[in-house]
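*Asks:* If it helps, the file is called start_36.txt and holds compact mmCIF, C-alpha atoms and all ligand atoms:
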# COMPACT_ATOMS: atom_id res chain seq x y z
CA MET A 1 -25.28 5.20 -1.11
CA SER A 2 -25.41 7.47 -4.11
CA VAL A 3 -27.83 9.85 -5.74
CA SER A 4 -27.99 11.32 -9.22
CA SER A 5 -28.00 15.09 -9.34
CA ALA A 6 -30.00 17.18 -11.82
CA ASN A 7 -27.15 17.28 -14.34
CA ALA A 8 -26.91 13.45 -14.16
CA LEU A 9 -23.57 13.53 -12.38
CA GLU A 10 -23.27 10.52 -10.12
CA GLN A 11 -22.54 11.88 -6.67
CA LEU A 12 -20.41 9.60 -4.51
CA ALA A 13 -21.44 9.83 -0.87
CA GLU A 14 -18.88 10.41 1.86
CA ASN A 15 -19.25 6.82 3.06
CA PHE A 16 -19.02 5.04 -0.30
CA MET A 17 -15.75 3.47 0.89
CA ARG A 18 -17.72 1.24 3.27
CA ASP A 19 -18.85 -0.74 0.27
CA PRO A 20 -17.71 0.68 -3.05
CA TYR A 21 -18.30 -2.61 -4.85
CA GLU A 22 -22.05 -2.33 -5.35
CA LEU A 23 -21.58 1.09 -6.89
CA TYR A 24 -18.64 -0.06 -9.02
CA ALA A 25 -20.71 -3.00 -10.32
CA ARG A 26 -23.49 -0.65 -11.41
CA LEU A 27 -21.14 1.85 -13.06
CA ARG A 28 -19.28 -1.00 -14.83
CA GLU A 29 -22.58 -2.29 -16.25
CA ASP A 30 -23.59 1.14 -17.54
CA SER A 31 -20.46 2.50 -19.18
CA PRO A 32 -16.67 2.10 -19.41
CA ALA A 33 -16.26 5.62 -17.95
CA THR A 34 -18.69 7.71 -15.89
CA GLU A 35 -18.53 11.35 -14.80
CA VAL A 36 -18.91 11.51 -11.03
CA LEU A 37 -18.74 14.06 -8.25
CA LEU A 38 -16.41 12.95 -5.43
CA PRO A 39 -17.17 13.71 -1.78
CA ARG A 40 -16.41 17.43 -1.18
CA GLY A 41 -17.13 18.27 -4.83
CA MET A 42 -14.44 17.30 -7.36
CA LYS A 43 -15.77 16.41 -10.83
CA VAL A 44 -13.89 13.50 -12.34
CA TRP A 45 -14.26 10.60 -14.83
CA LEU A 46 -14.22 7.19 -13.14
CA ILE A 47 -13.10 4.06 -15.03
CA THR A 48 -14.34 0.81 -13.49
CA ARG A 49 -13.98 -1.96 -16.15
CA TYR A 50 -10.81 -4.09 -16.10
CA GLU A 51 -9.73 -3.86 -19.76
CA GLU A 52 -10.33 -0.11 -19.97
CA ALA A 53 -8.69 0.47 -16.58
CA ARG A 54 -5.54 -1.41 -17.58
CA ALA A 55 -5.38 0.41 -20.92
CA ALA A 56 -5.90 3.82 -19.25
CA LEU A 57 -3.05 3.22 -16.77
CA ALA A 58 -0.65 2.70 -19.69
CA ASP A 59 -2.12 5.41 -21.98
CA PRO A 60 0.44 8.20 -22.59
CA SER A 61 -2.35 10.70 -23.26
CA LEU A 62 -3.34 10.43 -19.58
CA ARG A 63 -0.87 12.64 -17.73
CA LYS A 64 0.08 13.52 -14.16
CA ASP A 65 2.14 16.74 -14.21
CA PHE A 66 1.23 18.39 -10.90
CA ARG A 67 1.26 22.00 -12.13
CA ALA A 68 -1.27 21.28 -14.89
CA MET A 69 -3.22 19.12 -12.45
CA GLN A 70 -3.49 21.96 -9.94
CA GLU A 71 -5.24 24.14 -12.55
CA LEU A 72 -7.65 21.34 -13.36
CA PHE A 73 -8.42 20.80 -9.67
CA GLU A 74 -9.49 24.44 -9.51
CA LYS A 75 -11.52 24.21 -12.75
CA ASN A 76 -13.32 20.99 -11.77
CA PHE A 77 -14.00 21.78 -8.14
CA GLN A 78 -17.69 22.28 -7.37
CA GLY A 79 -17.55 22.09 -3.57
CA GLU A 80 -19.39 24.56 -1.40
CA ASP A 81 -16.38 25.79 0.55
CA GLY A 82 -14.86 27.16 -2.67
CA ARG A 83 -11.42 25.56 -2.42
CA PRO A 84 -10.06 22.34 -3.93
CA PRO A 85 -8.04 20.02 -1.67
CA PHE A 86 -4.72 21.65 -0.94
CA GLU A 87 -1.61 20.47 -2.76
CA GLU A 88 1.57 21.53 -1.01
CA THR A 89 4.06 22.03 -3.87
CA VAL A 90 7.09 21.42 -1.64
CA LEU A 91 5.80 17.85 -1.30
CA ALA A 92 4.33 17.48 -4.79
CA GLN A 93 7.41 17.23 -7.03
CA HIS A 94 7.74 13.46 -7.05
CA MET A 95 7.66 10.71 -9.68
CA LEU A 96 3.98 9.90 -9.16
CA ASN A 97 3.15 13.51 -10.09
CA SER A 98 5.47 13.57 -13.12
CA ASP A 99 5.42 12.65 -16.81
CA GLN A 100 8.34 11.71 -19.03
CA PRO A 101 11.18 12.69 -19.02
CA ASP A 102 11.10 13.87 -15.36
CA HIS A 103 9.44 10.64 -14.29
CA THR A 104 12.28 8.49 -15.64
CA ARG A 105 14.94 10.76 -14.13
CA LEU A 106 13.36 10.67 -10.67
CA ARG A 107 12.44 6.97 -10.64
CA LYS A 108 15.94 5.97 -11.83
CA LEU A 109 17.48 7.48 -8.70
CA VAL A 110 15.83 4.92 -6.41
CA THR A 111 14.92 1.97 -8.66
CA LYS A 112 17.90 -0.16 -7.67
CA ALA A 113 17.07 -0.04 -3.97
CA PHE A 114 13.65 -1.59 -4.59
CA THR A 115 14.44 -4.53 -6.91
CA SER A 116 13.41 -7.99 -5.67
CA ARG A 117 17.08 -8.90 -5.16
CA ARG A 118 17.90 -5.84 -3.03
CA VAL A 119 14.68 -6.09 -1.07
CA GLU A 120 15.36 -9.76 -0.28
CA LEU A 121 18.43 -8.57 1.70
CA LEU A 122 16.01 -6.89 4.11
CA ARG A 123 14.35 -10.23 4.98
CA PRO A 124 16.27 -10.89 8.25
CA ARG A 125 15.52 -7.39 9.58
CA ILE A 126 11.84 -7.57 8.56
CA GLU A 127 11.60 -10.94 10.33
CA GLU A 128 13.19 -9.47 13.43
CA ILE A 129 10.79 -6.50 13.52
CA THR A 130 7.83 -8.84 12.94
CA ASP A 131 8.92 -11.12 15.81
CA GLU A 132 9.31 -8.15 18.16
CA LEU A 133 5.82 -6.89 17.35
CA LEU A 134 4.27 -10.33 17.80
CA ASP A 135 6.20 -10.77 21.11
CA ASN A 136 4.58 -7.55 22.35
CA MET A 137 1.13 -8.95 21.51
CA ALA A 138 1.71 -12.33 23.18
CA GLY A 139 -0.19 -12.87 26.44
CA LYS A 140 -2.90 -10.37 25.53
CA GLN A 141 -6.46 -11.55 25.03
CA GLN A 142 -7.40 -8.93 22.50
CA VAL A 143 -5.58 -6.27 20.47
CA ASP A 144 -6.26 -3.80 17.68
CA LEU A 145 -4.21 -5.56 15.01
CA LEU A 146 -3.98 -2.38 12.97
CA ASP A 147 -2.26 -0.43 15.76
CA THR A 148 -0.10 -3.19 17.19
CA PHE A 149 1.01 -4.84 13.97
CA ALA A 150 -0.30 -3.83 10.53
CA PHE A 151 0.83 -0.18 10.91
CA LEU A 152 4.03 -0.70 12.92
CA LEU A 153 5.63 -3.25 10.59
CA PRO A 154 5.68 -1.27 7.31
CA ILE A 155 6.30 2.13 8.93
CA THR A 156 9.30 0.79 10.86
CA VAL A 157 10.75 -0.89 7.76
CA ILE A 158 10.37 2.17 5.51
CA CYS A 159 11.65 4.62 8.17
CA GLU A 160 14.79 2.51 8.68
CA LEU A 161 15.35 2.18 4.94
CA LEU A 162 14.98 5.90 4.28
CA GLY A 163 16.78 7.12 7.40
CA VAL A 164 13.69 8.76 8.93
CA PRO A 165 13.63 8.57 12.77
CA VAL A 166 11.37 5.68 13.79
CA ALA A 167 10.42 7.69 16.91
CA ASP A 168 8.46 10.09 14.65
CA ARG A 169 6.21 7.39 13.20
CA ASP A 170 3.08 8.37 15.15
CA ALA A 171 3.26 11.97 13.95
CA ILE A 172 3.86 10.74 10.38
CA ARG A 173 0.81 8.47 10.66
CA VAL A 174 -1.46 11.34 11.75
CA TRP A 175 -0.29 13.70 8.98
CA SER A 176 -0.46 11.04 6.33
CA ASN A 177 -3.93 9.80 7.39
CA THR A 178 -5.20 13.40 7.33
CA LEU A 179 -3.84 14.08 3.83
CA LEU A 180 -5.68 10.99 2.55
CA ASP A 181 -8.93 11.60 4.44
CA SER A 182 -11.66 12.75 2.06
CA SER A 183 -13.79 13.98 4.98
CA ALA A 184 -11.07 16.32 6.33
CA THR A 185 -11.63 20.06 5.77
CA PRO A 186 -9.24 22.01 3.52
CA ASP A 187 -7.93 23.81 6.65
CA THR A 188 -7.08 20.53 8.37
CA ILE A 189 -5.43 19.14 5.23
CA ASN A 190 -3.54 22.39 4.77
CA GLU A 191 -2.26 22.24 8.32
CA ALA A 192 -1.12 18.60 8.04
CA ALA A 193 0.62 19.25 4.70
CA GLY A 194 2.39 22.31 6.11
CA ALA A 195 3.55 20.43 9.21
CA MET A 196 4.73 17.46 7.18
CA ALA A 197 6.58 19.70 4.70
CA ALA A 198 8.35 21.55 7.54
CA TYR A 199 9.28 18.20 9.10
CA MET A 200 10.67 16.86 5.80
CA VAL A 201 12.69 20.03 5.10
CA GLY A 202 14.13 19.79 8.63
CA LEU A 203 15.11 16.17 8.02
CA VAL A 204 16.92 17.07 4.80
CA GLU A 205 18.84 19.82 6.62
CA ALA A 206 19.76 17.39 9.41
CA LYS A 207 21.06 14.79 6.90
CA ARG A 208 23.03 17.43 5.06
CA ALA A 209 24.75 18.38 8.34
CA GLU A 210 25.20 14.78 9.46
CA PRO A 211 24.82 12.17 6.69
CA GLY A 212 24.09 8.55 7.53
CA ASP A 213 24.14 5.26 5.65
CA ASP A 214 20.59 5.65 4.35
CA MET A 215 18.58 6.58 1.25
CA LEU A 216 17.75 10.11 2.36
CA SER A 217 21.45 10.94 2.86
CA ALA A 218 22.25 9.46 -0.56
CA LEU A 219 19.56 11.62 -2.19
CA VAL A 220 20.74 14.78 -0.39
CA HIS A 221 24.25 13.98 -1.58
CA ALA A 222 23.02 13.47 -5.18
CA SER A 223 21.23 16.83 -5.10
CA ASP A 224 24.27 18.67 -3.68
CA ASP A 225 26.61 16.97 -6.08
CA GLY A 226 25.09 17.67 -9.46
CA ASP A 227 21.92 18.62 -11.23
CA SER A 228 20.16 15.23 -11.01
CA LEU A 229 17.53 16.58 -8.61
CA ASP A 230 16.82 19.70 -6.58
CA GLN A 231 16.01 20.13 -2.90
CA ASN A 232 12.22 20.14 -3.42
CA GLU A 233 12.52 16.92 -5.38
CA VAL A 234 14.46 15.29 -2.53
CA VAL A 235 11.81 16.37 -0.02
CA SER A 236 9.00 15.18 -2.33
CA MET A 237 10.71 11.85 -3.02
CA ILE A 238 11.06 11.06 0.69
CA PHE A 239 7.48 12.18 1.30
CA LEU A 240 6.20 9.85 -1.47
CA LEU A 241 8.28 6.87 -0.35
CA LEU A 242 7.26 7.36 3.27
CA VAL A 243 3.52 7.66 2.56
CA ALA A 244 3.35 5.06 -0.26
CA GLY A 245 5.63 2.77 1.73
CA HIS A 246 3.35 2.41 4.73
CA GLU A 247 -0.26 3.53 4.05
CA THR A 248 -0.70 0.80 1.46
CA THR A 249 0.96 -2.18 3.15
CA VAL A 250 -0.96 -1.41 6.37
CA ASN A 251 -4.11 -1.99 4.36
CA LEU A 252 -2.81 -5.13 2.66
CA ILE A 253 -2.16 -6.68 6.10
CA GLY A 254 -5.37 -5.24 7.62
CA ASN A 255 -7.75 -5.96 4.72
CA GLY A 256 -6.14 -9.36 4.05
CA THR A 257 -6.48 -10.46 7.68
CA LEU A 258 -10.09 -9.27 7.81
CA ALA A 259 -10.98 -11.07 4.57
CA LEU A 260 -9.33 -14.25 5.81
CA LEU A 261 -10.98 -14.18 9.23
CA ARG A 262 -14.35 -13.72 7.52
CA SER A 263 -13.75 -16.81 5.34
CA PRO A 264 -13.14 -19.77 7.72
CA ASP A 265 -12.60 -22.26 4.87
CA GLN A 266 -9.92 -20.07 3.29
CA LEU A 267 -8.25 -19.53 6.68
CA ALA A 268 -8.23 -23.28 7.35
CA ALA A 269 -6.76 -23.98 3.90
CA LEU A 270 -3.94 -21.48 4.44
CA ARG A 271 -3.22 -22.77 7.95
CA ALA A 272 -3.02 -26.31 6.56
CA ASP A 273 -0.82 -25.49 3.56
CA ARG A 274 1.53 -22.53 3.81
CA SER A 275 2.64 -22.96 0.18
CA LEU A 276 -0.65 -21.23 -0.67
CA LEU A 277 0.59 -17.98 0.90
CA PRO A 278 2.07 -16.19 -2.17
CA GLY A 279 -1.16 -16.84 -4.11
CA ALA A 280 -3.24 -15.80 -1.09
CA ILE A 281 -1.44 -12.44 -0.95
CA GLU A 282 -2.22 -11.78 -4.64
CA GLU A 283 -5.86 -12.65 -3.92
CA PHE A 284 -5.97 -10.27 -0.89
CA LEU A 285 -4.62 -7.55 -3.21
CA ARG A 286 -7.28 -8.32 -5.83
CA PHE A 287 -10.18 -8.81 -3.43
CA GLU A 288 -9.68 -5.69 -1.27
CA SER A 289 -7.32 -3.48 -3.28
CA PRO A 290 -5.50 -1.36 -0.63
CA VAL A 291 -5.41 1.48 -3.16
CA ASN A 292 -9.07 1.81 -4.12
CA THR A 293 -8.55 4.26 -6.97
CA ALA A 294 -5.21 5.09 -8.57
CA THR A 295 -4.07 8.70 -8.14
CA PHE A 296 -5.47 11.48 -10.36
CA ARG A 297 -4.63 11.67 -14.04
CA PHE A 298 -5.82 14.13 -16.69
CA THR A 299 -6.48 13.89 -20.41
CA ALA A 300 -3.85 15.83 -22.37
CA GLU A 301 -5.97 15.30 -25.53
CA ASP A 302 -9.34 13.75 -26.42
CA THR A 303 -8.99 10.20 -25.13
CA LYS A 304 -10.97 7.06 -26.02
CA VAL A 305 -12.02 4.82 -23.14
CA GLY A 306 -13.90 1.95 -24.76
CA ASP A 307 -16.62 3.64 -26.83
CA ILE A 308 -16.52 6.86 -24.78
CA THR A 309 -14.39 9.89 -25.66
CA ILE A 310 -13.20 11.90 -22.68
CA PRO A 311 -12.43 15.44 -23.87
CA ALA A 312 -9.00 16.99 -23.31
CA GLY A 313 -8.47 18.70 -19.96
CA GLU A 314 -10.59 16.40 -17.77
CA LEU A 315 -9.61 14.66 -14.51
CA VAL A 316 -9.64 10.86 -14.54
CA LEU A 317 -9.57 8.25 -11.77
CA VAL A 318 -9.03 4.54 -12.41
CA ALA A 319 -10.96 2.42 -9.90
CA LEU A 320 -8.48 -0.38 -9.22
CA GLY A 321 -10.88 -1.94 -6.71
CA GLY A 322 -13.64 -1.89 -9.35
CA ALA A 323 -11.46 -3.31 -12.15
CA ASP A 324 -10.27 -6.17 -9.95
CA ARG A 325 -13.91 -7.20 -9.30
CA ASP A 326 -14.82 -7.19 -13.00
CA PRO A 327 -16.54 -10.51 -13.80
CA HIS A 328 -15.21 -10.32 -17.37
CA LYS A 329 -11.72 -10.76 -15.93
CA PHE A 330 -12.15 -12.77 -12.71
CA ILE A 331 -14.65 -15.60 -12.22
CA ASP A 332 -16.96 -15.07 -9.22
CA PRO A 333 -15.03 -11.88 -8.35
CA ASP A 334 -16.85 -11.08 -5.09
CA THR A 335 -15.65 -14.31 -3.46
CA LEU A 336 -12.27 -14.64 -1.74
CA ASP A 337 -10.54 -17.68 -3.23
CA ILE A 338 -6.87 -17.97 -2.28
CA THR A 339 -6.32 -20.75 -4.82
CA ARG A 340 -7.50 -18.73 -7.83
CA PRO A 341 -4.93 -17.36 -10.30
CA ALA A 342 -5.26 -13.70 -9.23
CA THR A 343 -2.27 -12.60 -11.31
CA GLY A 344 -3.04 -9.71 -13.59
CA HIS A 345 -4.81 -7.77 -10.81
CA LEU A 346 -4.27 -4.01 -10.91
CA ALA A 347 -3.69 -3.42 -7.18
CA PHE A 348 -0.11 -2.24 -7.89
CA GLY A 349 -1.21 -0.20 -10.92
CA HIS A 350 0.18 -0.67 -14.43
CA GLY A 351 2.38 1.20 -16.93
CA ILE A 352 5.20 3.60 -16.06
CA HIS A 353 3.83 4.35 -12.57
CA TYR A 354 3.57 0.63 -11.65
CA CYS A 355 4.32 0.38 -7.93
CA LEU A 356 8.01 0.75 -7.20
CA GLY A 357 7.58 -0.93 -3.81
CA ALA A 358 5.70 -4.08 -4.96
CA PRO A 359 8.59 -6.48 -4.09
CA LEU A 360 8.92 -4.88 -0.62
CA ALA A 361 5.16 -5.00 -0.01
CA ARG A 362 4.99 -8.67 -1.04
CA LEU A 363 7.95 -9.59 1.19
CA GLU A 364 6.53 -7.75 4.21
CA ALA A 365 3.12 -9.38 3.68
CA GLU A 366 4.59 -12.86 3.27
CA ILE A 367 6.55 -12.57 6.54
CA ALA A 368 3.68 -10.88 8.37
CA PHE A 369 0.98 -13.45 7.47
CA ASP A 370 3.26 -16.45 7.93
CA LYS A 371 4.39 -15.42 11.41
CA LEU A 372 1.01 -14.09 12.53
CA LEU A 373 -0.80 -17.34 11.66
CA THR A 374 1.94 -19.52 13.21
CA ARG A 375 2.13 -17.49 16.40
CA PHE A 376 -1.61 -17.16 17.01
CA PRO A 377 -3.48 -20.37 16.12
CA ASP A 378 -6.67 -18.97 17.73
CA LEU A 379 -6.65 -15.62 15.91
CA ARG A 380 -10.21 -14.46 15.23
CA LEU A 381 -12.29 -11.30 14.96
CA ALA A 382 -13.26 -9.84 18.34
CA VAL A 383 -16.24 -7.91 16.94
CA ASP A 384 -19.04 -8.50 14.49
CA PRO A 385 -17.60 -7.75 11.00
CA HIS A 386 -20.42 -5.26 10.40
CA GLU A 387 -19.18 -3.14 13.31
CA ILE A 388 -15.84 -2.60 11.62
CA GLU A 389 -15.42 0.96 10.37
CA TRP A 390 -13.70 1.81 7.11
CA ARG A 391 -11.59 4.91 6.63
CA THR A 392 -13.11 7.81 4.71
CA SER A 393 -10.61 8.10 1.88
CA SER A 394 -11.36 8.09 -1.81
CA ILE A 395 -7.89 6.73 -2.58
CA MET A 396 -7.11 4.24 0.20
CA ARG A 397 -9.31 1.33 1.23
CA GLY A 398 -8.64 0.22 4.79
CA VAL A 399 -10.22 -0.24 8.20
CA ARG A 400 -9.80 2.21 11.09
CA GLU A 401 -9.33 -0.56 13.67
CA LEU A 402 -9.15 -4.34 13.55
CA PRO A 403 -10.02 -5.80 16.98
CA VAL A 404 -8.91 -9.44 17.13
CA ALA A 405 -8.86 -12.06 19.90
CA LEU A 406 -5.64 -14.04 20.34
CA THR A 407 -6.49 -16.62 23.00
CA PRO A 408 -8.66 -19.76 22.69
CA GLU A 409 -12.42 -19.26 22.75
CA THR A 410 -13.86 -20.19 26.16
C1 LIG A 501 2.88 3.51 -7.06
C2 LIG A 501 -0.02 0.35 -4.81
C3 LIG A 501 3.42 -0.51 -1.49
C4 LIG A 501 6.10 2.97 -3.44
C5 LIG A 501 1.83 2.71 -6.73
C6 LIG A 501 0.60 2.62 -7.50
C7 LIG A 501 -0.20 1.74 -6.86
C8 LIG A 501 0.49 1.26 -5.69
C9 LIG A 501 -1.62 1.35 -7.27
C10 LIG A 501 0.29 3.38 -8.81
C11 LIG A 501 -0.57 4.58 -8.53
C12 LIG A 501 -0.99 5.28 -9.80
O1 LIG A 501 -0.64 4.87 -10.93
O2 LIG A 501 -1.72 6.29 -9.67
C13 LIG A 501 0.68 -0.16 -3.72
C14 LIG A 501 0.17 -1.20 -2.85
C15 LIG A 501 1.15 -1.46 -1.92
C16 LIG A 501 2.25 -0.56 -2.21
C17 LIG A 501 -1.19 -1.88 -2.98
C18 LIG A 501 1.16 -2.41 -0.77
C19 LIG A 501 0.39 -3.44 -0.65
C20 LIG A 501 4.46 0.33 -1.74
C21 LIG A 501 5.67 0.37 -0.98
C22 LIG A 501 6.42 1.35 -1.50
C23 LIG A 501 5.68 1.93 -2.62
C24 LIG A 501 6.04 -0.55 0.20
C25 LIG A 501 7.78 1.69 -0.98
C26 LIG A 501 8.58 2.49 -1.35
C27 LIG A 501 5.44 3.41 -4.58
C28 LIG A 501 5.95 4.47 -5.44
C29 LIG A 501 5.03 4.63 -6.48
C30 LIG A 501 3.97 3.67 -6.24
C31 LIG A 501 7.22 5.26 -5.25
C32 LIG A 501 5.10 5.62 -7.64
C33 LIG A 501 5.76 4.97 -8.82
C34 LIG A 501 5.86 5.87 -10.04
O3 LIG A 501 5.20 6.91 -10.11
O4 LIG A 501 6.64 5.52 -10.94
N1 LIG A 501 1.74 1.87 -5.65
N2 LIG A 501 1.92 0.21 -3.30
N3 LIG A 501 4.50 1.28 -2.73
N4 LIG A 501 4.27 2.94 -5.10
FE1 LIG A 501 3.16 1.49 -4.25
For this file, write the structure as structure tokens.
Ligand code: HEM

*Replies:*
Amino acid sequence: MSVSSANALEQLAENFMRDPYELYARLREDSPATEVLLPRGMKVWLITRYEEARAALADPSLRKDFRAMQELFEKNFQGEDGRPPFEETVLAQHMLNSDQPDHTRLRKLVTKAFTSRRVELLRPRIEEITDELLDNMAGKQQVDLLDTFAFLLPITVICELLGVPVADRDAIRVWSNTLLDSSATPDTINEAAGAMAAYMVGLVEAKRAEPGDDMLSALVHASDDGDSLDQNEVVSMIFLLLVAGHETTVNLIGNGTLALLRSPDQLAALRADRSLLPGAIEEFLRFESPVNTATFRFTAEDTKVGDITIPAGELVLVALGGADRDPHKFIDPDTLDITRPATGHLAFGHGIHYCLGAPLARLEAEIAFDKLLTRFPDLRLAVDPHEIEWRTSSIMRGVRELPVALTPET
């Protein structure tokens, strides 16, 4: 899975996403922070212990400003093709790439729309979309649950909320998957980023000409009306909300279903007592964190991580999936236990960049799992779990396909 190079840098193989946990366990044992080489050649410090991970996510000396980050990508890139992964600046000026005070200014513009109270108003529409998707699956013996359900639910919800045409969801999926694919070449990533940027700029122009009752129109209006944000920031905001709003929840539904179907006792317990569902969702988030590592940060000054000092000007990744399997925090962490108190997991991050969409993700997951289990009492995996392929992404953890059978076993 991994080999040590001559300069003792731990090199993460392209396929480490298939089972990152063995590697995380070893790194956690050795040190609170380890210098590693990511697939394609980016040198970065990886933090895998829970306490240190949580502290790092809230540490103001770990920064995200995208212009400074771009220089560090170039400095720390050791890949053979001589180019770090492309960052399209038209799409990069969003809150997750910003430090204070820009971060507060940008996040404030959309915070209200994502509070638990506001999100709860979306419940009837999310239920309706879920029912439609499950209706389309009914009568079939076998489906790819990722295609027919786990992807379509969150992408439809976020497109409607933002005012992005739902008809464009397949193109959005391809671009977004490519941008997050650590095995894609710089040319392919470049092409997807360019196409997505052109699409987003076109959308902004269309909303400016013909505003609707949606978040994108409101943001375009805010940027035309004053100096609260500029056009690039509108485009970047919509890009972030669109990608963060579906890529992650797809994997919560996909990874959660897979984990459940692989644990018959846990599945039976949840089928028997639906009051376990909110706790089960937290456990799915802990057990198979849909975001495997948080996004890149860099040290603005020498920074202590446990007993290690990371010098200023280094790239840092926090392994959320590693922290949430730390035995010092969670008892028997490699076992799925939907009755455990999984609160405190880091799957939504921590600190100022804590996930804006957590209430929406939890609501979508609650409706999705409840209705899926009720509608399909015979739901089971249609392939051997070992045949299931994981995506090659160093940030996202999710399966490529999830073939399930819906009808009774004969
Ligand atoms: C930030 C996870 C769903 C919007 C984050 C972060 C994580 C995360 C780990 C912090 C990343 C970092 O610090 O580097 C998840 C998971 C989800 C989910 C596991 C689903 C299960 C959503 C949804 C939205 C969303 C539905 C919808 C809008 C955002 C935004 C940020 C963010 C805007 C950046 C916040 C900031 O920089 O202040 N998410 N997310 N997420 N998430 Fe989510």

*Asks:* Between A:Leu360, A:Ala244, A:Val157, A:Met196, which residue has the minimum interatomic distance to Trp175 (chain A), considering all atoms listed in the file?

*Replies:* A:Met196

*Asks:* For a test of reading the model, state the distance in Å between CA of Ile281 (chain A) and atom C7 of ligand LIG 501 (chain A), rounded to one decimal.

*Replies:*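 These two atoms are separated by 15.4 Å.
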
*Asks:* Nearest to Ser223 (chain A): which of A:Val36, A:Leu109, A:Ala342, A:Met95 is it, counting all atoms listed in the file?

*Replies:*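 The shortest atom-to-atom distance to Ser223 (chain A) comes from A:Leu109.
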
*Asks:* List the neighbours of Asp168 (chain A) out to 12 Å using all atoms listed in the file; skip same-chain residues closer than 6 positions along the sequence, and give me the result as a list in words.

*Replies:*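 My reading of the contact set: Leu152, Ile155, Thr156, Cys159, Glu160, Val174, Trp175, Met196, Tyr199, Met200, Leu203 and Leu242 of chain A.
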
*Asks:* With all atoms listed in the file as the atoms that count, which of A:Glu389, A:Pro377, A:Leu162, A:Leu229 lies nearest to Ser217 (chain A)?

*Replies:* A:Leu162

*Asks:* Name the residues in contact with Arg40 (chain A) at a cut-off of 8 Å, using only C-alpha atoms, excluding same-chain residues fewer than 5 positions from it; report them as a ChimeraX atom specification.

*Replies:* /A:78-80,182-183

*Asks:* Separation of CA of Gly139 (chain A) and CA of Phe284 (chain A), in Å?

*Replies:* 28.1 Å
